>>> print(open('query.cif').read())   # mmCIF, N, CA and C atoms and all ligand atoms
data_input
#
loop_
_atom_site.group_PDB
_atom_site.id
_atom_site.type_symbol
_atom_site.label_atom_id
_atom_site.label_comp_id
_atom_site.auth_asym_id
_atom_site.auth_seq_id
_atom_site.Cartn_x
_atom_site.Cartn_y
_atom_site.Cartn_z
ATOM 1 N N MET K 1 4.254 -17.856 -15.326
ATOM 2 C CA MET K 1 4.359 -18.332 -13.949
ATOM 3 C C MET K 1 3.183 -17.816 -13.150
ATOM 4 N N ALA K 2 2.523 -18.743 -12.492
ATOM 5 C CA ALA K 2 1.353 -18.361 -11.698
ATOM 6 C C ALA K 2 1.753 -18.090 -10.256
ATOM 7 N N ILE K 3 1.181 -17.048 -9.722
ATOM 8 C CA ILE K 3 1.451 -16.738 -8.317
ATOM 9 C C ILE K 3 0.354 -17.361 -7.454
ATOM 10 N N THR K 4 0.779 -18.100 -6.460
ATOM 11 C CA THR K 4 -0.158 -18.709 -5.530
ATOM 12 C C THR K 4 -0.348 -17.779 -4.335
ATOM 13 N N ASP K 5 -1.587 -17.619 -3.930
ATOM 14 C CA ASP K 5 -1.915 -16.747 -2.811
ATOM 15 C C ASP K 5 -2.472 -17.641 -1.706
ATOM 16 N N GLU K 6 -1.725 -17.773 -0.626
ATOM 17 C CA GLU K 6 -2.118 -18.716 0.404
ATOM 18 C C GLU K 6 -2.102 -18.063 1.782
ATOM 19 N N THR K 7 -3.088 -18.415 2.605
ATOM 20 C CA THR K 7 -3.144 -17.878 3.963
ATOM 21 C C THR K 7 -3.036 -19.021 4.960
ATOM 22 N N PHE K 8 -2.083 -18.880 5.890
ATOM 23 C CA PHE K 8 -1.871 -19.886 6.928
ATOM 24 C C PHE K 8 -2.456 -19.381 8.247
ATOM 25 N N SER K 9 -2.988 -20.296 9.043
ATOM 26 C CA SER K 9 -3.390 -19.965 10.415
ATOM 27 C C SER K 9 -2.214 -20.272 11.315
ATOM 28 N N VAL K 10 -1.727 -19.242 12.010
ATOM 29 C CA VAL K 10 -0.507 -19.393 12.806
ATOM 30 C C VAL K 10 -0.754 -19.014 14.259
ATOM 31 N N ASP K 11 -0.354 -19.892 15.143
ATOM 32 C CA ASP K 11 -0.490 -19.689 16.579
ATOM 33 C C ASP K 11 0.820 -19.195 17.172
ATOM 34 N N GLY K 12 0.735 -18.310 18.153
ATOM 35 C CA GLY K 12 1.923 -17.909 18.893
ATOM 36 C C GLY K 12 2.411 -16.503 18.597
ATOM 37 N N MET K 13 1.813 -15.833 17.602
ATOM 38 C CA MET K 13 2.209 -14.443 17.348
ATOM 39 C C MET K 13 1.524 -13.556 18.385
ATOM 40 N N SER K 14 2.309 -12.666 19.009
ATOM 41 C CA SER K 14 1.699 -11.829 20.038
ATOM 42 C C SER K 14 1.838 -10.340 19.790
ATOM 43 N N CYS K 15 2.613 -9.934 18.809
ATOM 44 C CA CYS K 15 2.810 -8.497 18.601
ATOM 45 C C CYS K 15 3.323 -8.209 17.193
ATOM 46 N N ALA K 16 3.530 -6.936 16.915
ATOM 47 C CA ALA K 16 3.984 -6.516 15.589
ATOM 48 C C ALA K 16 5.365 -7.067 15.262
ATOM 49 N N SER K 17 6.196 -7.279 16.259
ATOM 50 C CA SER K 17 7.527 -7.775 15.915
ATOM 51 C C SER K 17 7.479 -9.237 15.502
ATOM 52 N N CYS K 18 6.532 -9.995 16.032
ATOM 53 C CA CYS K 18 6.314 -11.361 15.525
ATOM 54 C C CYS K 18 5.904 -11.302 14.058
ATOM 55 N N GLU K 19 5.014 -10.376 13.736
ATOM 56 C CA GLU K 19 4.539 -10.237 12.352
ATOM 57 C C GLU K 19 5.711 -9.945 11.427
ATOM 58 N N ASN K 20 6.550 -8.995 11.822
ATOM 59 C CA ASN K 20 7.694 -8.614 10.981
ATOM 60 C C ASN K 20 8.687 -9.747 10.836
ATOM 61 N N ARG K 21 8.906 -10.446 11.930
ATOM 62 C CA ARG K 21 9.860 -11.541 11.930
ATOM 63 C C ARG K 21 9.424 -12.614 10.927
ATOM 64 N N ILE K 22 8.165 -12.985 10.979
ATOM 65 C CA ILE K 22 7.648 -14.008 10.066
ATOM 66 C C ILE K 22 7.666 -13.508 8.624
ATOM 67 N N ALA K 23 7.226 -12.274 8.421
ATOM 68 C CA ALA K 23 7.182 -11.737 7.053
ATOM 69 C C ALA K 23 8.580 -11.672 6.450
ATOM 70 N N ARG K 24 9.558 -11.204 7.229
ATOM 71 C CA ARG K 24 10.933 -11.112 6.709
ATOM 72 C C ARG K 24 11.502 -12.482 6.395
ATOM 73 N N ARG K 25 11.226 -13.425 7.292
ATOM 74 C CA ARG K 25 11.736 -14.782 7.081
ATOM 75 C C ARG K 25 11.158 -15.388 5.801
ATOM 76 N N LEU K 26 9.853 -15.216 5.604
ATOM 77 C CA LEU K 26 9.216 -15.784 4.419
ATOM 78 C C LEU K 26 9.689 -15.096 3.145
ATOM 79 N N GLU K 27 9.880 -13.786 3.218
ATOM 80 C CA GLU K 27 10.318 -13.066 2.020
ATOM 81 C C GLU K 27 11.758 -13.407 1.654
ATOM 82 N N ALA K 28 12.488 -14.023 2.585
ATOM 83 C CA ALA K 28 13.849 -14.474 2.279
ATOM 84 C C ALA K 28 13.855 -15.834 1.566
ATOM 85 N N VAL K 29 12.699 -16.496 1.534
ATOM 86 C CA VAL K 29 12.615 -17.790 0.852
ATOM 87 C C VAL K 29 12.517 -17.545 -0.658
ATOM 88 N N PRO K 30 13.402 -18.158 -1.460
ATOM 89 C CA PRO K 30 13.318 -17.987 -2.910
ATOM 90 C C PRO K 30 11.942 -18.400 -3.431
ATOM 91 N N GLY K 31 11.355 -17.571 -4.272
ATOM 92 C CA GLY K 31 10.049 -17.874 -4.827
ATOM 93 C C GLY K 31 8.914 -17.105 -4.158
ATOM 94 N N VAL K 32 9.201 -16.529 -2.980
ATOM 95 C CA VAL K 32 8.173 -15.747 -2.285
ATOM 96 C C VAL K 32 8.253 -14.305 -2.752
ATOM 97 N N SER K 33 7.128 -13.773 -3.254
ATOM 98 C CA SER K 33 7.165 -12.383 -3.693
ATOM 99 C C SER K 33 6.657 -11.452 -2.612
ATOM 100 N N ARG K 34 5.779 -11.934 -1.749
ATOM 101 C CA ARG K 34 5.263 -11.059 -0.710
ATOM 102 C C ARG K 34 4.716 -11.869 0.451
ATOM 103 N N ALA K 35 4.975 -11.398 1.678
ATOM 104 C CA ALA K 35 4.419 -12.056 2.856
ATOM 105 C C ALA K 35 3.975 -11.002 3.844
ATOM 106 N N SER K 36 2.846 -11.250 4.502
ATOM 107 C CA SER K 36 2.393 -10.344 5.549
ATOM 108 C C SER K 36 1.723 -11.159 6.629
ATOM 109 N N ALA K 37 1.755 -10.640 7.860
ATOM 110 C CA ALA K 37 1.194 -11.380 8.987
ATOM 111 C C ALA K 37 0.313 -10.468 9.814
ATOM 112 N N ASP K 38 -0.686 -11.064 10.439
ATOM 113 C CA ASP K 38 -1.579 -10.325 11.325
ATOM 114 C C ASP K 38 -1.705 -11.109 12.624
ATOM 115 N N HIS K 39 -1.100 -10.593 13.684
ATOM 116 C CA HIS K 39 -1.085 -11.370 14.935
ATOM 117 C C HIS K 39 -2.448 -11.409 15.607
ATOM 118 N N LYS K 40 -3.271 -10.389 15.376
ATOM 119 C CA LYS K 40 -4.597 -10.382 16.007
ATOM 120 C C LYS K 40 -5.491 -11.455 15.408
ATOM 121 N N LEU K 41 -5.394 -11.627 14.096
ATOM 122 C CA LEU K 41 -6.196 -12.651 13.433
ATOM 123 C C LEU K 41 -5.485 -14.003 13.419
ATOM 124 N N GLY K 42 -4.188 -14.010 13.741
ATOM 125 C CA GLY K 42 -3.421 -15.249 13.691
ATOM 126 C C GLY K 42 -3.284 -15.766 12.271
ATOM 127 N N ARG K 43 -3.080 -14.825 11.342
ATOM 128 C CA ARG K 43 -3.006 -15.212 9.930
ATOM 129 C C ARG K 43 -1.733 -14.717 9.276
ATOM 130 N N VAL K 44 -1.220 -15.543 8.392
ATOM 131 C CA VAL K 44 -0.048 -15.174 7.603
ATOM 132 C C VAL K 44 -0.386 -15.415 6.139
ATOM 133 N N ARG K 45 -0.241 -14.374 5.340
ATOM 134 C CA ARG K 45 -0.566 -14.491 3.917
ATOM 135 C C ARG K 45 0.718 -14.432 3.099
ATOM 136 N N VAL K 46 0.828 -15.350 2.168
ATOM 137 C CA VAL K 46 2.046 -15.436 1.360
ATOM 138 C C VAL K 46 1.691 -15.529 -0.123
ATOM 139 N N LEU K 47 2.357 -14.716 -0.927
ATOM 140 C CA LEU K 47 2.246 -14.817 -2.379
ATOM 141 C C LEU K 47 3.533 -15.453 -2.870
ATOM 142 N N TYR K 48 3.413 -16.565 -3.563
ATOM 143 C CA TYR K 48 4.629 -17.271 -3.984
ATOM 144 C C TYR K 48 4.452 -18.025 -5.293
ATOM 145 N N ASN K 49 5.597 -18.384 -5.855
ATOM 146 C CA ASN K 49 5.647 -19.145 -7.099
ATOM 147 C C ASN K 49 5.780 -20.625 -6.755
ATOM 148 N N LYS K 50 4.750 -21.381 -7.086
ATOM 149 C CA LYS K 50 4.711 -22.805 -6.746
ATOM 150 C C LYS K 50 5.765 -23.635 -7.467
ATOM 151 N N GLU K 51 6.338 -23.073 -8.522
ATOM 152 C CA GLU K 51 7.403 -23.805 -9.227
ATOM 153 C C GLU K 51 8.727 -23.688 -8.487
ATOM 154 N N VAL K 52 8.804 -22.767 -7.535
ATOM 155 C CA VAL K 52 10.071 -22.518 -6.837
ATOM 156 C C VAL K 52 10.022 -22.981 -5.379
ATOM 157 N N THR K 53 8.893 -22.738 -4.714
ATOM 158 C CA THR K 53 8.782 -23.177 -3.323
ATOM 159 C C THR K 53 7.419 -23.833 -3.119
ATOM 160 N N SER K 54 7.141 -24.259 -1.902
ATOM 161 C CA SER K 54 5.929 -25.044 -1.683
ATOM 162 C C SER K 54 5.281 -24.701 -0.349
ATOM 163 N N ASN K 55 4.045 -25.124 -0.225
ATOM 164 C CA ASN K 55 3.314 -24.980 1.029
ATOM 165 C C ASN K 55 4.118 -25.551 2.191
ATOM 166 N N SER K 56 4.691 -26.735 2.010
ATOM 167 C CA SER K 56 5.384 -27.364 3.144
ATOM 168 C C SER K 56 6.684 -26.641 3.488
ATOM 169 N N ALA K 57 7.367 -26.067 2.493
ATOM 170 C CA ALA K 57 8.587 -25.303 2.783
ATOM 171 C C ALA K 57 8.254 -24.030 3.556
ATOM 172 N N LEU K 58 7.147 -23.389 3.200
ATOM 173 C CA LEU K 58 6.760 -22.151 3.878
ATOM 174 C C LEU K 58 6.325 -22.444 5.308
ATOM 175 N N ARG K 59 5.569 -23.513 5.449
ATOM 176 C CA ARG K 59 5.136 -23.975 6.763
ATOM 177 C C ARG K 59 6.362 -24.253 7.657
ATOM 178 N N ALA K 60 7.354 -24.938 7.092
ATOM 179 C CA ALA K 60 8.564 -25.260 7.852
ATOM 180 C C ALA K 60 9.316 -23.990 8.256
ATOM 181 N N ALA K 61 9.320 -22.989 7.363
ATOM 182 C CA ALA K 61 10.015 -21.734 7.682
ATOM 183 C C ALA K 61 9.347 -21.040 8.871
ATOM 184 N N ILE K 62 8.026 -21.044 8.897
ATOM 185 C CA ILE K 62 7.299 -20.414 10.013
ATOM 186 C C ILE K 62 7.531 -21.211 11.300
ATOM 187 N N GLU K 63 7.434 -22.517 11.200
ATOM 188 C CA GLU K 63 7.618 -23.370 12.375
ATOM 189 C C GLU K 63 9.051 -23.290 12.902
ATOM 190 N N GLY K 64 10.005 -23.075 11.983
ATOM 191 C CA GLY K 64 11.403 -22.923 12.377
ATOM 192 C C GLY K 64 11.648 -21.716 13.269
ATOM 193 N N LEU K 65 10.734 -20.760 13.218
ATOM 194 C CA LEU K 65 10.855 -19.586 14.086
ATOM 195 C C LEU K 65 10.171 -19.815 15.433
ATOM 196 N N GLY K 66 9.528 -20.963 15.590
ATOM 197 C CA GLY K 66 8.898 -21.286 16.867
ATOM 198 C C GLY K 66 7.396 -21.078 16.922
ATOM 199 N N TYR K 67 6.794 -20.797 15.780
ATOM 200 C CA TYR K 67 5.333 -20.613 15.754
ATOM 201 C C TYR K 67 4.679 -21.909 15.276
ATOM 202 N N GLU K 68 3.395 -22.016 15.591
ATOM 203 C CA GLU K 68 2.686 -23.233 15.199
ATOM 204 C C GLU K 68 1.721 -22.940 14.050
ATOM 205 N N VAL K 69 1.802 -23.756 13.011
ATOM 206 C CA VAL K 69 0.940 -23.581 11.851
ATOM 207 C C VAL K 69 -0.162 -24.630 11.876
ATOM 208 N N ALA K 70 -1.417 -24.197 11.747
ATOM 209 C CA ALA K 70 -2.534 -25.139 11.746
ATOM 210 C C ALA K 70 -2.448 -26.040 10.522
ATOM 211 N N PRO K 71 -2.843 -27.309 10.668
ATOM 212 C CA PRO K 71 -2.752 -28.259 9.554
ATOM 213 C C PRO K 71 -3.650 -27.849 8.370
HETATM 214 CU CU CU Q 101 5.720 -10.639 19.163
#
>>> encode(input="query.cif", output="structure tokens")
Amino acid sequence: MAITDETFSVDGMSCASCENRIARRLEAVPGVSRASADHKLGRVRVLYNKEVTSNSALRAAIEGLGYEVAP
């Protein structure tokens, strides 16, 4: 199983609690092994198994929390 390493550009994070909120939410998605966020850079990095989840599912999870993901 290959691990995909993907970084999303995310708008709307303003502090460390936004980072934690997004990281926890993503790590709750089956197939995600690790997620981290940086509100200063507006970046969210996710390590995941493409056979279990997908770019669009992860994007939807972030957007479901009220943040905007760049296309
Ligand atoms: Cu915040």
>>> closest_residue(input="query.cif", among="K:Val44, K:Ala70, K:Asn55, K:Leu65", to="Arg21 of chain K", atoms="only C-alpha atoms")
K:Leu65
>>> residues_near_ligand(input="query.cif", ligand="ligand CU 101 (chain Q)", cutoff="10 Å", atoms="only C-alpha atoms and all ligand atoms", output="ChimeraX atom specification")
/K:12-22,39
>>> select_by_dssp(input="query.cif", residues="chain K", states="strand (DSSP E or B)", output="list in words")
Ile3, Thr4, Asp5, Glu6, Thr7, Phe8, Ser9, Val10, Asp11, Val32, Ser33, Arg34, Ala35, Ser36, Ala37, Asp38, Arg43, Val44, Arg45, Val46, Leu47, Tyr48, Asn49, Glu68 and Val69 of chain K
>>> select_by_dssp(input="query.cif", residues="chain K", states="helix (DSSP H, G or I)", output="list in words")
Ala16, Ser17, Cys18, Glu19, Asn20, Arg21, Ile22, Ala23, Arg24, Arg25, Leu26, Glu27, Asn55, Ser56, Ala57, Leu58, Arg59, Ala60, Ala61, Ile62, Glu63 and Gly64 of chain K
>>> closest_residue(input="query.cif", among="K:Leu47, K:Leu41, K:Ala28, K:Ala61", to="Glu6 of chain K", atoms="only N, CA and C atoms")
K:Leu47
>>> resolve_selection(input="query.cif", expression="the PyMOL selection byres (((chain K and resi 31 and name CA) around 9) and not hetatm and name CA)", output="PyMOL selection string")
chain K and resi 27-30+32-33+47-54
>>> resolve_selection(input="query.cif", expression="the PyMOL selection byres (((chain K and resi 42) around 6.5) and not hetatm)", output="compact mmCIF listing (two decimals) with N, CA and C atoms, keeping the file's coordinate frame")
# COMPACT_ATOMS: atom_id res chain seq x y z
N PHE K 8 -2.08 -18.88 5.89
CA PHE K 8 -1.87 -19.89 6.93
C PHE K 8 -2.46 -19.38 8.25
N SER K 9 -2.99 -20.30 9.04
CA SER K 9 -3.39 -19.96 10.42
C SER K 9 -2.21 -20.27 11.32
N VAL K 10 -1.73 -19.24 12.01
CA VAL K 10 -0.51 -19.39 12.81
C VAL K 10 -0.75 -19.01 14.26
N ASP K 11 -0.35 -19.89 15.14
CA ASP K 11 -0.49 -19.69 16.58
C ASP K 11 0.82 -19.20 17.17
N ASP K 38 -0.69 -11.06 10.44
CA ASP K 38 -1.58 -10.32 11.32
C ASP K 38 -1.70 -11.11 12.62
N HIS K 39 -1.10 -10.59 13.68
CA HIS K 39 -1.08 -11.37 14.94
C HIS K 39 -2.45 -11.41 15.61
N LYS K 40 -3.27 -10.39 15.38
CA LYS K 40 -4.60 -10.38 16.01
C LYS K 40 -5.49 -11.46 15.41
N LEU K 41 -5.39 -11.63 14.10
CA LEU K 41 -6.20 -12.65 13.43
C LEU K 41 -5.48 -14.00 13.42
N ARG K 43 -3.08 -14.82 11.34
CA ARG K 43 -3.01 -15.21 9.93
C ARG K 43 -1.73 -14.72 9.28
N VAL K 44 -1.22 -15.54 8.39
CA VAL K 44 -0.05 -15.17 7.60
C VAL K 44 -0.39 -15.42 6.14
>>> closest_residue(input="query.cif", among="K:Leu58, K:Pro71, K:Met1, K:Ala23", to="Ala35 of chain K", atoms="only N, CA and C atoms")
K:Ala23
>>> atom_distance(input="query.cif", atom1="atom CA of Arg25 of chain K", atom2="atom N of Arg59 of chain K")
10.8 Å
>>> atom_distance(input="query.cif", atom1="atom CA of Ala2 of chain K", atom2="atom C of Ile62 of chain K")
24.0 Å
>>> atom_distance(input="query.cif", atom1="atom CA of Arg34 of chain K", atom2="atom CA of Asp5 of chain K")
9.4 Å
>>> closest_residue(input="query.cif", among="K:Val69, K:Val46, K:Ala57, K:Gly64", to="Ile3 of chain K", atoms="all atoms listed in the file")
K:Val46
>>> axis_aligned_box(input="query.cif", around="segment 59-69 of chain K", padding_each_side="6 Å", output="AutoDock Vina command-line options")
--center_x 5.7 --center_y -22.4 --center_z 11.2 --size_x 23.8 --size_y 17.7 --size_z 23.5
